[in-house]
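Visitor: Submitted below is the structure of interest, expressed as structure tokens.
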Amino acid sequence: MLVGLRGVGKTVLLNRIAQIAEDDGYTATVIEAPEGKSLPELLIPCLRKILFQLDTKEKVTVAVKRGMMVLKSFAKAVKVTVGEVEIGLDIDAEKGTGDSGDLDTDLADLFEVIGAAAKARNTAVAIIIDELQYIKETEFSALIMAVHRISQKQLPLIVIGAGLPQLVGLAGKAKSYAERLFDYPEVDALNEKDAASALKEPAKREGVDWQPQALKLAVQLTRGYPYFLQEWGYHSWNAAKDGSGKITTRDVRAASDAARSNLDDSFFRVRFDRVSPREKDYMFAMAALGPGAHRSGDIATELGVPVESVAPVRSSLIKKGMVYSPAHGDTAFTVPMFNEYLIRIGR
Ligand SMILES: Nc1ncnc2c1ncn2[C@@H]1O[C@H](COP(=O)(O)OP(=O)(O)OP(=O)(O)O)[C@@H](O)[C@H]1O
Ligand SMILES: [Mg+2]
């Protein structure tokens, strides 16, 4: 479970992981958990695809066929309407497996038959889920139980996920399992050396050098955040004089305006547009308190209201993935440098 703020490279990493898995002979699939879609809705089409992939090699084996039957009964039980038509399996649902209506056991049943199908095919399945923080707590817990079953039965199925830091708290009641079953590597800004080489190396391949001071400035301005490095790199490249073969501090300064206004219009803006006026007030209060995490009490004081009255606003901002709680009672933005953006646009 890759955990990190917005724009640090989680999706890039998941896609790379999927590639590595496929190169290693896995049947891999990457899905994104959008807000407001249930886990079964998300999984059914993707598991169906996996079963068909397991199926294409030769004739259907018993294990793969069983996987399809159980997927069908699972889809019926959760009443997902991709059901009959889209599942398109010319097969009867298997009664009594994956259809109890209890997601914990049903999903575990389903993963088990799919793991068994993969095993029968001498392959492994990788289910890769992005934006996992948007999954409901009960569903996340069912996912953990299902992975637990797979590990007990030693079947070749793996779940890899990524999401914002709130993901870790979701493990909730299935916590003791979750800690054993998953690693939570943190994906963060790059250190100075890596950030510098992310800018330098691609330019070098094109015969262009970054002047050391220019490189230093770009790394400083982006604070090593991958998404920002990409923007500053792009605009610095464009600002550099054709044919000079060099990117200078002047180019980086010229690039800064373009990079910032581009970020303001896209990266920051799309996030800002998704929240209500009350939520905006809350975020402006956070920004007014300066960078970093802030105590709920301080934010309420800044707003001039009692802390309990804004607790629901905070929760809903966490659900929307705008803020998270780095420590109990603390709140910080999930988007790097969002405080500076808010101050720039003003209320
Ligand atoms: N290894 C990399 N090499 C080059 N660019 C990268 C790399 N990792 C990240 N980036 C740049 O950072 C951008 C953001 O990466 P990515 O979309 O993977 O972030 P994320 O963590 O998934 O963010 P979000 O939480 O907003 O989905 C990429 O579009 C790319 O420009
Ligand atoms: Mg992403």
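Residue names in the structure tokens use chain letters A, B, ... in the order shown, residue numbers from 1 in each chain, and ligand numbers from 1 in the order shown.
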Report as a PyMOL selection string which protein, DNA and RNA residues come within 6 Å of ligand 1, using only C-alpha atoms and all ligand atoms.

Guide: chain A and resi 5-12+226-227+230

Visitor: Would you return as an MDAnalysis selection string the members of range 86-126 of chain A that DSSP assigns to alpha helix (DSSP H) on this structure's backbone?

Guide: chainID A and resid 86:87 103:120

Visitor: Okay, now the selection with C-alpha atoms, as an mmCIF file, in the first residue's frame?

Guide:
data_model
loop_
_atom_site.group_PDB
_atom_site.id
_atom_site.type_symbol
_atom_site.label_atom_id
_atom_site.label_comp_id
_atom_site.auth_asym_id
_atom_site.auth_seq_id
_atom_site.Cartn_x
_atom_site.Cartn_y
_atom_site.Cartn_z
ATOM 1 C CA GLU A 86 -22.056 -7.838 -19.013
ATOM 2 C CA ILE A 87 -20.625 -10.723 -17.139
ATOM 3 C CA LEU A 103 -19.161 -8.997 1.859
ATOM 4 C CA ASP A 104 -16.400 -10.231 4.182
ATOM 5 C CA THR A 105 -16.979 -13.904 3.414
ATOM 6 C CA ASP A 106 -18.172 -13.442 -0.159
ATOM 7 C CA LEU A 107 -15.137 -11.508 -1.282
ATOM 8 C CA ALA A 108 -12.845 -13.996 0.445
ATOM 9 C CA ASP A 109 -14.654 -16.864 -1.358
ATOM 10 C CA LEU A 110 -14.308 -15.072 -4.646
ATOM 11 C CA PHE A 111 -10.607 -14.304 -4.194
ATOM 12 C CA GLU A 112 -10.035 -17.900 -3.190
ATOM 13 C CA VAL A 113 -11.530 -19.364 -6.370
ATOM 14 C CA ILE A 114 -9.711 -16.814 -8.505
ATOM 15 C CA GLY A 115 -6.443 -17.589 -6.731
ATOM 16 C CA ALA A 116 -7.127 -21.293 -7.326
ATOM 17 C CA ALA A 117 -7.832 -20.596 -10.992
ATOM 18 C CA ALA A 118 -4.537 -18.729 -11.330
ATOM 19 C CA LYS A 119 -2.751 -21.582 -9.632
ATOM 20 C CA ALA A 120 -4.336 -24.106 -11.987
#

Visitor: Please identify the residues whose atoms come within 12 Å of ligand 2, using only C-alpha atoms and all ligand atoms, and report them as JSON, numbers by chain.

Guide: {"A": [2, 3, 4, 5, 6, 7, 8, 9, 10, 11, 12, 13, 14, 15, 30, 31, 32, 33, 34, 129, 130, 131, 132, 133, 161, 162, 163, 164, 187, 226, 227, 267, 321, 335]}

Visitor: Which residue, A:Pro312, A:Pro336, A:Pro40, A:Gly169, has the smallest gap to Glu137 in chain A when you use only C-alpha atoms?

Guide: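 Of A:Pro312, A:Pro336, A:Pro40, A:Gly169, the one nearest Glu137 in chain A, counting only C-alpha atoms, is A:Gly169.
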
Visitor: May I ask for the distance between CA of Leu170 in chain A and CA of Asp188 in chain A, given in Å to one decimal place?

Guide: 20.0 Å

Visitor: Smallest atom-to-atom distance to Ile17 in chain A: which of A:Asn262, A:Ile127, A:Thr97, A:Glu41, using only C-alpha atoms?

Guide: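 Among the listed residues, the smallest separation from Ile17 in chain A belongs to A:Ile127.
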
Visitor: What gap, in Å, lies between CA of Ser236 in chain A and CA of Ala254 in chain A?

Guide: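 Pair CA of Ser236 in chain A / CA of Ala254 in chain A returns 7.4 Å.
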
Visitor: Rounded to one decimal, what separation in Å do you get between CA of Val125 in chain A and CA of Leu157 in chain A?

Guide: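 Distance between the two atoms: 4.7 Å.
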
Visitor: Which residues in range 7-99 of chain A does DSSP call strand (DSSP E or B)? List them as a list in words.

Guide: Tyr26, Thr27, Ala28, Thr29, Val30, Ile31 and Glu32 of chain A

Visitor: Using only C-alpha atoms, which residues sit within 7 Å of Thr249 in chain A once same-chain residues fewer than 3 positions away are excluded, as a list of chain:residue names?

Guide: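 The contact residues come out as A:Gln213, A:Ala214, A:Val252, A:Arg253.
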
Visitor: Please produce a file of the residues just selected, as a CSV table (one decimal), in the first residue's frame, where the atoms kept are N, CA, C and O atoms.

Guide:
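Full text of part_39.csv as output:
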chain,number,residue,atom,x,y,z
A,213,GLN,N,23.7,26.4,-10.4
A,213,GLN,CA,22.8,27.4,-9.6
A,213,GLN,C,21.4,27.3,-10.1
A,213,GLN,O,20.5,27.4,-9.2
A,214,ALA,N,21.2,27.1,-11.4
A,214,ALA,CA,19.8,27.0,-11.9
A,214,ALA,C,19.1,25.7,-11.3
A,214,ALA,O,18.0,25.7,-10.9
A,252,VAL,N,15.0,29.6,-15.2
A,252,VAL,CA,14.2,29.0,-14.1
A,252,VAL,C,13.3,30.1,-13.5
A,252,VAL,O,12.1,29.8,-13.3
A,253,ARG,N,13.8,31.3,-13.4
A,253,ARG,CA,12.9,32.4,-12.9
A,253,ARG,C,11.8,32.7,-13.9
A,253,ARG,O,10.7,32.9,-13.5

Visitor: With only C-alpha atoms as the counted atoms, please give the residues lying no more than 10 Å from Ser296 in chain A, apart from itself and same-chain residues fewer than 4 positions off, as an MDAnalysis selection string.

Guide: chainID A and resid 286 300:302 307:308 310:311 314 325 328:331

Visitor: Between A:Gly243, A:Gln152, A:Lys216, A:Tyr26, which has the minimum distance to Lys200 in chain A (counting only C-alpha atoms)?

Guide: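 For Lys200 in chain A, the nearest of the given residues is A:Lys216.
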
Visitor: Smallest atom-to-atom distance to Leu42 in chain A: which of A:Ile128, A:Leu215, A:Leu229, A:Val62, using only C-alpha atoms?

Guide: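 For Leu42 in chain A, the nearest of the candidates is A:Ile128.
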
Visitor: Taking only C-alpha atoms into account, name the residue in A:Val208, A:Leu167, A:Ala327, A:Val219 that is nearest to Asp194 in chain A.

Guide: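 That would be A:Val219, the residue with the smallest distance to Asp194 in chain A.
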
Visitor: So that I can see what lies close to Leu342 in chain A, please list as a tab-separated table (two decimals) with all heavy atoms, in the first residue's frame the residues with an atom at most 12 Å from it, counting only C-alpha atoms and leaving out residues fewer than 2 positions away in the same chain.

Guide:
chain	number	residue	atom	x	y	z
A	264	ASP	N	-1.81	26.56	-10.83
A	264	ASP	CA	-3.00	27.19	-10.26
A	264	ASP	C	-4.25	26.86	-11.08
A	264	ASP	O	-5.32	26.63	-10.53
A	264	ASP	CB	-2.82	28.72	-10.19
A	264	ASP	CG	-1.86	29.12	-9.08
A	264	ASP	OD1	-1.34	28.22	-8.39
A	264	ASP	OD2	-1.62	30.33	-8.89
A	268	PHE	N	-4.00	22.63	-8.69
A	268	PHE	CA	-4.65	23.17	-7.48
A	268	PHE	C	-6.13	23.41	-7.70
A	268	PHE	O	-6.97	23.06	-6.87
A	268	PHE	CB	-3.97	24.48	-7.06
A	268	PHE	CG	-2.55	24.31	-6.58
A	268	PHE	CD1	-1.52	25.02	-7.17
A	268	PHE	CD2	-2.24	23.45	-5.53
A	268	PHE	CE1	-0.20	24.87	-6.73
A	268	PHE	CE2	-0.94	23.30	-5.08
A	268	PHE	CZ	0.08	24.02	-5.68
A	269	ARG	N	-6.42	24.03	-8.82
A	269	ARG	CA	-7.78	24.46	-9.13
A	269	ARG	C	-8.81	23.32	-9.10
A	269	ARG	O	-9.87	23.45	-8.50
A	269	ARG	CB	-7.74	25.14	-10.50
A	269	ARG	CG	-9.05	25.53	-11.07
A	269	ARG	CD	-9.58	26.80	-10.41
A	269	ARG	NE	-10.90	27.10	-10.97
A	269	ARG	CZ	-11.05	27.76	-12.11
A	269	ARG	NH1	-10.01	28.21	-12.78
A	269	ARG	NH2	-12.26	27.97	-12.58
A	271	ARG	N	-8.85	20.72	-7.51
A	271	ARG	CA	-9.10	20.28	-6.14
A	271	ARG	C	-9.98	21.28	-5.39
A	271	ARG	O	-10.90	20.92	-4.68
A	271	ARG	CB	-7.78	20.11	-5.40
A	271	ARG	CG	-7.31	18.71	-5.38
A	271	ARG	CD	-6.11	18.45	-6.21
A	271	ARG	NE	-6.09	17.06	-6.63
A	271	ARG	CZ	-5.16	16.57	-7.43
A	271	ARG	NH1	-4.21	17.33	-7.88
A	271	ARG	NH2	-5.21	15.32	-7.78
A	272	PHE	N	-9.63	22.53	-5.60
A	272	PHE	CA	-10.35	23.62	-4.91
A	272	PHE	C	-11.82	23.65	-5.33
A	272	PHE	O	-12.71	23.90	-4.52
A	272	PHE	CB	-9.67	24.95	-5.26
A	272	PHE	CG	-10.20	26.13	-4.51
A	272	PHE	CD1	-9.95	26.26	-3.15
A	272	PHE	CD2	-10.94	27.10	-5.15
A	272	PHE	CE1	-10.43	27.35	-2.44
A	272	PHE	CE2	-11.42	28.20	-4.45
A	272	PHE	CZ	-11.17	28.32	-3.09
A	280	LYS	N	-14.25	25.57	2.07
A	280	LYS	CA	-13.25	26.55	1.62
A	280	LYS	C	-12.82	27.44	2.78
A	280	LYS	O	-11.63	27.71	2.96
A	280	LYS	CB	-13.79	27.39	0.46
A	280	LYS	CG	-13.80	26.63	-0.84
A	280	LYS	CD	-14.30	27.44	-2.02
A	280	LYS	CE	-14.35	26.52	-3.24
A	280	LYS	NZ	-15.04	27.04	-4.39
A	281	ASP	N	-13.80	27.90	3.55
A	281	ASP	CA	-13.47	28.73	4.71
A	281	ASP	C	-12.48	28.01	5.62
A	281	ASP	O	-11.52	28.60	6.12
A	281	ASP	CB	-14.74	29.06	5.52
A	281	ASP	CG	-15.63	30.06	4.78
A	281	ASP	OD1	-15.13	30.72	3.85
A	281	ASP	OD2	-16.83	30.15	5.14
A	282	TYR	N	-12.76	26.74	5.85
A	282	TYR	CA	-11.91	25.94	6.73
A	282	TYR	C	-10.48	25.89	6.18
A	282	TYR	O	-9.50	26.07	6.90
A	282	TYR	CB	-12.49	24.52	6.86
A	282	TYR	CG	-11.88	23.71	7.99
A	282	TYR	CD1	-12.43	23.76	9.27
A	282	TYR	CD2	-10.77	22.90	7.77
A	282	TYR	CE1	-11.88	23.00	10.31
A	282	TYR	CE2	-10.21	22.14	8.80
A	282	TYR	CZ	-10.78	22.20	10.06
A	282	TYR	OH	-10.24	21.46	11.10
A	283	MET	N	-10.38	25.69	4.88
A	283	MET	CA	-9.05	25.59	4.27
A	283	MET	C	-8.32	26.94	4.26
A	283	MET	O	-7.11	26.98	4.47
A	283	MET	CB	-9.15	25.03	2.85
A	283	MET	CG	-9.67	23.59	2.83
A	283	MET	SD	-9.34	22.73	1.29
A	283	MET	CE	-10.18	23.78	0.14
A	284	PHE	N	-9.09	28.03	4.07
A	284	PHE	CA	-8.45	29.35	4.14
A	284	PHE	C	-7.93	29.62	5.55
A	284	PHE	O	-6.86	30.23	5.71
A	284	PHE	CB	-9.43	30.45	3.71
A	284	PHE	CG	-9.48	30.65	2.21
A	284	PHE	CD1	-10.63	30.39	1.49
A	284	PHE	CD2	-8.35	31.08	1.51
A	284	PHE	CE1	-10.67	30.56	0.11
A	284	PHE	CE2	-8.38	31.26	0.13
A	284	PHE	CZ	-9.54	31.00	-0.57
A	285	ALA	N	-8.67	29.15	6.55
A	285	ALA	CA	-8.21	29.34	7.93
A	285	ALA	C	-6.91	28.56	8.15
A	285	ALA	O	-5.98	29.06	8.79
A	285	ALA	CB	-9.29	28.88	8.92
A	286	MET	N	-6.85	27.34	7.61
A	286	MET	CA	-5.60	26.57	7.71
A	286	MET	C	-4.45	27.31	7.05
A	286	MET	O	-3.34	27.40	7.60
A	286	MET	CB	-5.76	25.20	7.03
A	286	MET	CG	-6.57	24.19	7.81
A	286	MET	SD	-6.87	22.68	6.83
A	286	MET	CE	-5.20	22.06	6.64
A	287	ALA	N	-4.71	27.83	5.85
A	287	ALA	CA	-3.65	28.53	5.11
A	287	ALA	C	-3.17	29.76	5.87
A	287	ALA	O	-1.98	30.05	5.89
A	287	ALA	CB	-4.15	28.90	3.72
A	288	ALA	N	-4.11	30.45	6.51
A	288	ALA	CA	-3.75	31.66	7.24
A	288	ALA	C	-2.81	31.35	8.40
A	288	ALA	O	-2.02	32.19	8.83
A	288	ALA	CB	-5.01	32.36	7.76
A	289	LEU	N	-2.89	30.11	8.90
A	289	LEU	CA	-2.03	29.72	10.01
A	289	LEU	C	-0.61	29.35	9.57
A	289	LEU	O	0.25	29.05	10.39
A	289	LEU	CB	-2.65	28.55	10.77
A	289	LEU	CG	-3.92	28.88	11.58
A	289	LEU	CD1	-4.61	27.61	12.04
A	289	LEU	CD2	-3.59	29.78	12.77
A	290	GLY	N	-0.39	29.36	8.26
A	290	GLY	CA	0.96	29.07	7.76
A	290	GLY	C	1.11	27.63	7.30
A	290	GLY	O	0.16	26.86	7.33
A	291	PRO	N	2.34	27.28	6.85
A	291	PRO	CA	2.55	25.92	6.32
A	291	PRO	C	2.53	24.86	7.41
A	291	PRO	O	2.61	25.19	8.60
A	291	PRO	CB	3.95	26.01	5.69
A	291	PRO	CG	4.61	27.18	6.32
A	291	PRO	CD	3.53	28.11	6.81
A	333	PHE	N	-2.83	19.68	4.67
A	333	PHE	CA	-3.29	19.48	3.29
A	333	PHE	C	-2.65	18.24	2.65
A	333	PHE	O	-1.49	17.95	2.90
A	333	PHE	CB	-2.92	20.70	2.43
A	333	PHE	CG	-3.72	21.93	2.76
A	333	PHE	CD1	-3.10	23.06	3.29
A	333	PHE	CD2	-5.10	21.96	2.55
A	333	PHE	CE1	-3.83	24.20	3.60
A	333	PHE	CE2	-5.84	23.09	2.85
A	333	PHE	CZ	-5.21	24.21	3.38
A	335	VAL	N	-2.43	18.12	-0.57
A	335	VAL	CA	-1.80	18.65	-1.78
A	335	VAL	C	-0.62	19.51	-1.34
A	335	VAL	O	-0.79	20.49	-0.62
A	335	VAL	CB	-2.80	19.52	-2.57
A	335	VAL	CG1	-2.18	20.01	-3.87
A	335	VAL	CG2	-4.08	18.74	-2.86
A	336	PRO	N	0.60	19.15	-1.75
A	336	PRO	CA	1.75	19.94	-1.32
A	336	PRO	C	1.61	21.41	-1.74
A	336	PRO	O	1.16	21.70	-2.85
A	336	PRO	CB	2.93	19.29	-2.07
A	336	PRO	CG	2.45	17.93	-2.45
A	336	PRO	CD	0.98	18.03	-2.63
A	337	MET	N	1.98	22.29	-0.85
A	337	MET	CA	1.98	23.75	-1.09
A	337	MET	C	0.59	24.31	-1.39
A	337	MET	O	0.46	25.37	-2.02
A	337	MET	CB	2.92	24.11	-2.24
A	337	MET	CG	4.36	23.66	-1.99
A	337	MET	SD	5.44	24.42	-3.23
A	337	MET	CE	6.60	23.12	-3.53
A	338	PHE	N	-0.43	23.64	-0.93
A	338	PHE	CA	-1.80	24.14	-1.16
A	338	PHE	C	-2.04	25.43	-0.38
A	338	PHE	O	-2.77	26.31	-0.83
A	338	PHE	CB	-2.83	23.07	-0.75
A	338	PHE	CG	-4.15	23.23	-1.43
A	338	PHE	CD1	-4.28	22.96	-2.78
A	338	PHE	CD2	-5.28	23.65	-0.73
A	338	PHE	CE1	-5.50	23.10	-3.43
A	338	PHE	CE2	-6.51	23.80	-1.37
A	338	PHE	CZ	-6.61	23.52	-2.72
A	339	ASN	N	-1.40	25.54	0.79
A	339	ASN	CA	-1.54	26.77	1.58
A	339	ASN	C	-1.08	27.99	0.79
A	339	ASN	O	-1.72	29.03	0.79
A	339	ASN	CB	-0.77	26.65	2.91
A	339	ASN	CG	0.70	26.36	2.70
A	339	ASN	OD1	1.07	25.52	1.88
A	339	ASN	ND2	1.54	27.05	3.43
A	340	GLU	N	0.04	27.82	0.05
A	340	GLU	CA	0.55	28.96	-0.73
A	340	GLU	C	-0.41	29.32	-1.87
A	340	GLU	O	-0.59	30.49	-2.19
A	340	GLU	CB	1.93	28.63	-1.31
A	340	GLU	CG	2.98	28.56	-0.20
A	340	GLU	CD	4.28	27.90	-0.67
A	340	GLU	OE1	4.65	28.05	-1.85
A	340	GLU	OE2	4.90	27.21	0.16
A	344	ARG	N	-2.26	32.85	-2.50
A	344	ARG	CA	-2.13	33.51	-3.81
A	344	ARG	C	-3.47	33.94	-4.38
A	344	ARG	O	-3.63	35.06	-4.84
A	344	ARG	CB	-1.47	32.55	-4.81
A	344	ARG	CG	-0.05	32.88	-5.12
A	344	ARG	CD	0.51	32.21	-6.37
A	344	ARG	NE	0.18	30.84	-6.60
A	344	ARG	CZ	0.84	29.79	-6.09
A	344	ARG	NH1	1.85	29.99	-5.26
A	344	ARG	NH2	0.50	28.55	-6.39
A	345	ILE	N	-4.47	33.02	-4.32
A	345	ILE	CA	-5.75	33.39	-4.93
A	345	ILE	C	-6.58	34.29	-4.02
A	345	ILE	O	-7.43	35.02	-4.48
A	345	ILE	CB	-6.60	32.15	-5.37
A	345	ILE	CG1	-6.96	31.28	-4.16
A	345	ILE	CG2	-5.87	31.35	-6.43
A	345	ILE	CD1	-8.02	30.23	-4.50
A	346	GLY	N	-6.31	34.22	-2.72
A	346	GLY	CA	-7.04	35.05	-1.77
A	346	GLY	C	-8.50	34.64	-1.66
A	346	GLY	O	-9.00	33.89	-2.47
A	347	ARG	N	-9.15	35.09	-0.66
A	347	ARG	CA	-10.53	34.69	-0.41
A	347	ARG	C	-11.52	35.36	-1.35
A	347	ARG	O	-11.37	36.52	-1.68
A	347	ARG	CB	-10.90	35.08	1.02
A	347	ARG	CG	-11.90	34.14	1.66
A	347	ARG	CD	-12.21	34.67	3.02
A	347	ARG	NE	-11.28	34.17	4.00
A	347	ARG	CZ	-11.59	33.16	4.84
A	347	ARG	NH1	-12.76	32.61	4.77
A	347	ARG	NH2	-10.73	32.77	5.73

Visitor: I need the residue nearest Trp210 in chain A from this list: A:Ser197, A:Ser38, A:Ser256, A:Ser261. Use only C-alpha atoms for the distance.

Guide: A:Ser197
